[in-house]
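Below is one structure; the comments refer to it alone.
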Amino acid sequence: QWFALDEMLQLIVEQFEPIAEMKEINIEERIERDLQYFGDKDRLHQLLVILVDNAIKYTASGGKVSIICMNAANLIQIIIKDTGVGIPERDLPHIFDRFYRSNKSRTRAEGGTGLGLSIAKWIVEAHHGHINVESKLNEGTKFTIKLP
Ligand code: ATP
């Protein structure tokens, strides 16, 4: 169905604000207004929550999470980036695999099943979109989603 993607993102930011505040993480948002999108609203919500939750989970105190969304040439582009722990280069090809967790000992303390990103990729592809990741260890991670 048609829904306002900008309003959905805004609500997610509001929902995560208290958690970010507790961790002293600054959430920066640049969300274009009036972004109407046709798709599975519940799945899109789930996708965005997975990525924002990870960004906050894998970022230390004092860090920053940026949420950017815009309409560019009939593609909706969503960027979720953080200044967190980053992902080692050798792990990057695997992070969308089911049950894969980078540096297991480090991430175990945070809990999690390693399913989040495989679900995220599945949702994006079900909407004929693309998701890609860029990351540098100890510097941060950037997820870019493009939806037609
Ligand atoms: P859950 O399924 O509960 O979200 P998870 O976070 O371990 O658990 P995924 O969301 O699939 O699982 O993420 C897979 C792995 O990718 C994580 O274990 C983590 O190592 C890495 N990862 C994901 N997002 C980030 C991020 N923003 N920064 C650094 N590492 C990340």
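Following the order of the structure tokens, first chain is A, next is B, and so on, with residues numbered from 1 inside each chain and ligands from 1 in the order they appear.
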Write out as a PyMOL selection string each polymer residue (protein, DNA or RNA) that has an atom no more than 6 Å from ligand 1, with only C-alpha atoms and all ligand atoms counted. chain A and resi 54-55+58+84-87+95+100-102+107+112-118+141
Could you dump the residues just selected with N, CA and C atoms as a PDB file, in the first residue's frame?
ATOM      1  N   ASN A  54      20.688  -1.827  14.881  1.00  0.00           N
ATOM      2  CA  ASN A  54      22.096  -2.243  14.751  1.00  0.00           C
ATOM      3  C   ASN A  54      23.034  -1.055  14.879  1.00  0.00           C
ATOM      4  N   ALA A  55      22.694   0.043  14.188  1.00  0.00           N
ATOM      5  CA  ALA A  55      23.577   1.219  14.190  1.00  0.00           C
ATOM      6  C   ALA A  55      23.812   1.706  15.620  1.00  0.00           C
ATOM      7  N   TYR A  58      25.809  -1.111  17.762  1.00  0.00           N
ATOM      8  CA  TYR A  58      27.229  -1.290  17.474  1.00  0.00           C
ATOM      9  C   TYR A  58      28.005   0.033  17.476  1.00  0.00           C
ATOM     10  N   GLY A  84      30.411   3.638  14.545  1.00  0.00           N
ATOM     11  CA  GLY A  84      30.583   2.554  15.504  1.00  0.00           C
ATOM     12  C   GLY A  84      31.804   1.679  15.280  1.00  0.00           C
ATOM     13  N   VAL A  85      31.692   0.442  15.749  1.00  0.00           N
ATOM     14  CA  VAL A  85      32.836  -0.476  15.775  1.00  0.00           C
ATOM     15  C   VAL A  85      33.301  -0.889  14.384  1.00  0.00           C
ATOM     16  N   GLY A  86      32.388  -0.788  13.414  1.00  0.00           N
ATOM     17  CA  GLY A  86      32.749  -1.191  12.060  1.00  0.00           C
ATOM     18  C   GLY A  86      32.774  -2.701  11.905  1.00  0.00           C
ATOM     19  N   ILE A  87      32.967  -3.140  10.673  1.00  0.00           N
ATOM     20  CA  ILE A  87      32.964  -4.571  10.351  1.00  0.00           C
ATOM     21  C   ILE A  87      34.266  -4.883   9.620  1.00  0.00           C
ATOM     22  N   ILE A  95      27.886 -10.673   6.005  1.00  0.00           N
ATOM     23  CA  ILE A  95      26.996 -10.145   7.045  1.00  0.00           C
ATOM     24  C   ILE A  95      25.517 -10.256   6.702  1.00  0.00           C
ATOM     25  N   TYR A 100      24.856 -15.200  10.610  1.00  0.00           N
ATOM     26  CA  TYR A 100      26.247 -14.755  10.645  1.00  0.00           C
ATOM     27  C   TYR A 100      26.408 -13.583  11.597  1.00  0.00           C
ATOM     28  N   ARG A 101      27.385 -13.675  12.487  1.00  0.00           N
ATOM     29  CA  ARG A 101      27.683 -12.566  13.382  1.00  0.00           C
ATOM     30  C   ARG A 101      29.188 -12.313  13.331  1.00  0.00           C
ATOM     31  N   SER A 102      29.530 -11.059  13.039  1.00  0.00           N
ATOM     32  CA  SER A 102      30.934 -10.707  12.955  1.00  0.00           C
ATOM     33  C   SER A 102      31.559 -10.737  14.344  1.00  0.00           C
ATOM     34  N   THR A 107      30.478  -9.587  19.892  1.00  0.00           N
ATOM     35  CA  THR A 107      29.078  -9.225  19.742  1.00  0.00           C
ATOM     36  C   THR A 107      28.172 -10.054  20.644  1.00  0.00           C
ATOM     37  N   GLY A 112      21.530 -11.192  20.317  1.00  0.00           N
ATOM     38  CA  GLY A 112      21.221 -11.150  18.891  1.00  0.00           C
ATOM     39  C   GLY A 112      21.437 -12.506  18.262  1.00  0.00           C
ATOM     40  N   THR A 113      20.753 -12.694  17.147  1.00  0.00           N
ATOM     41  CA  THR A 113      20.742 -14.017  16.521  1.00  0.00           C
ATOM     42  C   THR A 113      21.522 -14.034  15.211  1.00  0.00           C
ATOM     43  N   GLY A 114      21.815 -12.865  14.670  1.00  0.00           N
ATOM     44  CA  GLY A 114      22.453 -12.832  13.363  1.00  0.00           C
ATOM     45  C   GLY A 114      21.456 -12.988  12.233  1.00  0.00           C
ATOM     46  N   LEU A 115      20.182 -12.823  12.545  1.00  0.00           N
ATOM     47  CA  LEU A 115      19.156 -12.943  11.504  1.00  0.00           C
ATOM     48  C   LEU A 115      18.767 -11.594  10.909  1.00  0.00           C
ATOM     49  N   GLY A 116      18.977 -10.536  11.682  1.00  0.00           N
ATOM     50  CA  GLY A 116      18.487  -9.206  11.308  1.00  0.00           C
ATOM     51  C   GLY A 116      18.823  -8.805   9.884  1.00  0.00           C
ATOM     52  N   LEU A 117      20.101  -8.861   9.527  1.00  0.00           N
ATOM     53  CA  LEU A 117      20.502  -8.359   8.213  1.00  0.00           C
ATOM     54  C   LEU A 117      20.051  -9.275   7.073  1.00  0.00           C
ATOM     55  N   SER A 118      19.903 -10.576   7.350  1.00  0.00           N
ATOM     56  CA  SER A 118      19.410 -11.456   6.279  1.00  0.00           C
ATOM     57  C   SER A 118      17.939 -11.137   6.000  1.00  0.00           C
ATOM     58  N   THR A 141      30.098   2.288   9.929  1.00  0.00           N
ATOM     59  CA  THR A 141      29.421   1.464   8.938  1.00  0.00           C
ATOM     60  C   THR A 141      28.334   2.286   8.267  1.00  0.00           C
TER      61      THR A 141
END
Pick out each residue of segment 9-65 of chain A that DSSP on the backbone tags as strand (DSSP E or B); I need them as a list of chain:residue names.
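Of segment 9-65 of chain A, only A:Asn26, A:Ile27, A:Glu28, A:Glu29, A:Arg30, A:Ile31, A:Gln36, A:Tyr37, A:Phe38, A:Lys64, A:Val65 fall in strand (DSSP E or B).
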(request) Return as JSON, numbers by chain the full set of residues in chain A whose backbone-based DSSP assignment is alpha helix (DSSP H). (result) {"A": [5, 6, 7, 8, 9, 10, 11, 12, 13, 14, 15, 16, 17, 18, 19, 20, 21, 22, 41, 42, 43, 44, 45, 46, 47, 48, 49, 50, 51, 52, 53, 54, 55, 56, 57, 104, 105, 106, 107, 108, 116, 117, 118, 119, 120, 121, 122, 123, 124, 125, 126]}
Legend entry - All residues 10 Å or closer to Leu48 of chain A, only C-alpha atoms, same chain fewer than 2 positions away omitted, as a list of chain:residue names: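 Answer for this query is A:Met8, A:Leu9, A:Ile12, A:Val13, A:Arg43, A:Leu44, A:His45, A:Gln46, A:Ile50, A:Leu51, A:Val52, A:Asp53, A:Asn54, A:Ile67, A:Ile78, A:Ile80, A:Ala120.
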Deliver the residues from the most recent selection as a file, using N, CA and C atoms, as an mmCIF file, in the first residue's frame.
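This went into part.cif:
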data_model
loop_
_atom_site.group_PDB
_atom_site.id
_atom_site.type_symbol
_atom_site.label_atom_id
_atom_site.label_comp_id
_atom_site.auth_asym_id
_atom_site.auth_seq_id
_atom_site.Cartn_x
_atom_site.Cartn_y
_atom_site.Cartn_z
ATOM 1 N N MET A 8 7.168 7.543 8.697
ATOM 2 C CA MET A 8 7.583 6.292 9.335
ATOM 3 C C MET A 8 8.994 6.435 9.921
ATOM 4 N N LEU A 9 9.894 7.019 9.127
ATOM 5 C CA LEU A 9 11.276 7.185 9.607
ATOM 6 C C LEU A 9 11.342 8.121 10.814
ATOM 7 N N ILE A 12 10.352 6.302 13.879
ATOM 8 C CA ILE A 12 11.403 5.382 14.319
ATOM 9 C C ILE A 12 12.499 6.161 15.042
ATOM 10 N N VAL A 13 12.851 7.327 14.496
ATOM 11 C CA VAL A 13 13.855 8.169 15.168
ATOM 12 C C VAL A 13 13.375 8.520 16.572
ATOM 13 N N ARG A 43 6.729 -4.526 6.596
ATOM 14 C CA ARG A 43 8.076 -5.029 6.274
ATOM 15 C C ARG A 43 9.078 -3.886 6.200
ATOM 16 N N LEU A 44 8.667 -2.773 5.590
ATOM 17 C CA LEU A 44 9.561 -1.621 5.498
ATOM 18 C C LEU A 44 9.911 -1.113 6.899
ATOM 19 N N HIS A 45 8.923 -1.117 7.767
ATOM 20 C CA HIS A 45 9.159 -0.698 9.153
ATOM 21 C C HIS A 45 10.175 -1.629 9.806
ATOM 22 N N GLN A 46 9.966 -2.932 9.612
ATOM 23 C CA GLN A 46 10.881 -3.926 10.181
ATOM 24 C C GLN A 46 12.312 -3.714 9.672
ATOM 25 N N ILE A 50 15.555 -2.738 12.036
ATOM 26 C CA ILE A 50 16.748 -3.602 12.099
ATOM 27 C C ILE A 50 18.012 -2.762 11.925
ATOM 28 N N LEU A 51 17.998 -1.863 10.921
ATOM 29 C CA LEU A 51 19.215 -1.108 10.610
ATOM 30 C C LEU A 51 19.512 -0.038 11.656
ATOM 31 N N VAL A 52 18.469 0.643 12.134
ATOM 32 C CA VAL A 52 18.692 1.691 13.146
ATOM 33 C C VAL A 52 19.110 1.051 14.469
ATOM 34 N N ASP A 53 18.463 -0.061 14.808
ATOM 35 C CA ASP A 53 18.801 -0.791 16.031
ATOM 36 C C ASP A 53 20.267 -1.243 16.001
ATOM 37 N N ASN A 54 20.688 -1.827 14.881
ATOM 38 C CA ASN A 54 22.096 -2.243 14.751
ATOM 39 C C ASN A 54 23.034 -1.055 14.879
ATOM 40 N N ILE A 67 20.661 9.241 9.777
ATOM 41 C CA ILE A 67 19.567 8.624 9.033
ATOM 42 C C ILE A 67 19.170 9.601 7.939
ATOM 43 N N ILE A 78 17.895 5.416 1.018
ATOM 44 C CA ILE A 78 17.928 5.505 2.478
ATOM 45 C C ILE A 78 19.336 5.139 2.923
ATOM 46 N N ILE A 80 21.718 4.652 6.330
ATOM 47 C CA ILE A 80 21.826 4.568 7.787
ATOM 48 C C ILE A 80 23.303 4.373 8.085
ATOM 49 N N ALA A 120 16.654 -8.145 6.531
ATOM 50 C CA ALA A 120 16.700 -6.823 5.886
ATOM 51 C C ALA A 120 16.912 -6.969 4.380
#
**d(atom CA of Phe96 of chain A, atom CA of Ile119 of chain A) in Å** =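 It comes out at 8.2 Å.
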Which residues are near Glu29 of chain A? Cut-off 9 Å, only C-alpha atoms, ignore same chain within fewer than 6 positions. Put them as an mmCIF file with C-alpha atoms, in the first residue's frame.
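Below is the file that was written, selection-v7.cif:
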data_model
loop_
_atom_site.group_PDB
_atom_site.id
_atom_site.type_symbol
_atom_site.label_atom_id
_atom_site.label_comp_id
_atom_site.auth_asym_id
_atom_site.auth_seq_id
_atom_site.Cartn_x
_atom_site.Cartn_y
_atom_site.Cartn_z
ATOM 1 C CA GLN A 10 10.484 10.152 11.830
ATOM 2 C CA VAL A 13 13.855 8.169 15.168
ATOM 3 C CA VAL A 65 24.070 7.697 13.903
ATOM 4 C CA SER A 66 22.845 9.387 10.717
ATOM 5 C CA ILE A 67 19.567 8.624 9.033
ATOM 6 C CA ILE A 68 19.205 10.080 5.566
ATOM 7 C CA CYS A 69 16.346 9.582 3.167
#
Applying 9 Å and only C-alpha atoms, which residues near segment 89-93 of chain A remain after dropping the ones on its own chain fewer than 3 positions away? List them as a list in words.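 Here the answer would be Phe96, Asp97, Arg101, Ser102, Asn103, Val133, Glu134, Ser135, Lys136 and Leu137 of chain A.
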With N, CA and C atoms kept, could you save the residues just selected as a PDB file, in the first residue's frame?
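New file part32.pdb:
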ATOM      1  N   PHE A  96      25.191 -10.482   5.410  1.00  0.00           N
ATOM      2  CA  PHE A  96      23.771 -10.653   5.064  1.00  0.00           C
ATOM      3  C   PHE A  96      23.343 -12.126   5.123  1.00  0.00           C
ATOM      4  N   ASP A  97      24.284 -13.000   5.493  1.00  0.00           N
ATOM      5  CA  ASP A  97      23.955 -14.427   5.611  1.00  0.00           C
ATOM      6  C   ASP A  97      23.195 -14.685   6.906  1.00  0.00           C
ATOM      7  N   ARG A 101      27.385 -13.675  12.487  1.00  0.00           N
ATOM      8  CA  ARG A 101      27.683 -12.566  13.382  1.00  0.00           C
ATOM      9  C   ARG A 101      29.188 -12.313  13.331  1.00  0.00           C
ATOM     10  N   SER A 102      29.530 -11.059  13.039  1.00  0.00           N
ATOM     11  CA  SER A 102      30.934 -10.707  12.955  1.00  0.00           C
ATOM     12  C   SER A 102      31.559 -10.737  14.344  1.00  0.00           C
ATOM     13  N   ASN A 103      32.794 -11.160  14.421  1.00  0.00           N
ATOM     14  CA  ASN A 103      33.537 -11.204  15.684  1.00  0.00           C
ATOM     15  C   ASN A 103      32.663 -11.685  16.836  1.00  0.00           C
ATOM     16  N   VAL A 133      26.632  -2.297   1.746  1.00  0.00           N
ATOM     17  CA  VAL A 133      27.276  -1.904   2.989  1.00  0.00           C
ATOM     18  C   VAL A 133      28.712  -1.478   2.718  1.00  0.00           C
ATOM     19  N   GLU A 134      29.112  -0.404   3.376  1.00  0.00           N
ATOM     20  CA  GLU A 134      30.517  -0.001   3.383  1.00  0.00           C
ATOM     21  C   GLU A 134      30.903   0.129   4.840  1.00  0.00           C
ATOM     22  N   SER A 135      32.081  -0.346   5.197  1.00  0.00           N
ATOM     23  CA  SER A 135      32.449  -0.288   6.607  1.00  0.00           C
ATOM     24  C   SER A 135      33.949  -0.279   6.777  1.00  0.00           C
ATOM     25  N   LYS A 136      34.375   0.407   7.814  1.00  0.00           N
ATOM     26  CA  LYS A 136      35.798   0.408   8.180  1.00  0.00           C
ATOM     27  C   LYS A 136      35.889   0.100   9.661  1.00  0.00           C
ATOM     28  N   LEU A 137      36.710  -0.873   9.986  1.00  0.00           N
ATOM     29  CA  LEU A 137      36.866  -1.286  11.373  1.00  0.00           C
ATOM     30  C   LEU A 137      37.256  -0.091  12.243  1.00  0.00           C
TER      31      LEU A 137
END
Shortest contact to Glu21 of chain A, candidates A:Ala73, A:Leu47, A:Gly63, A:Gln36, atoms counted only C-alpha atoms, goes to A:Gly63
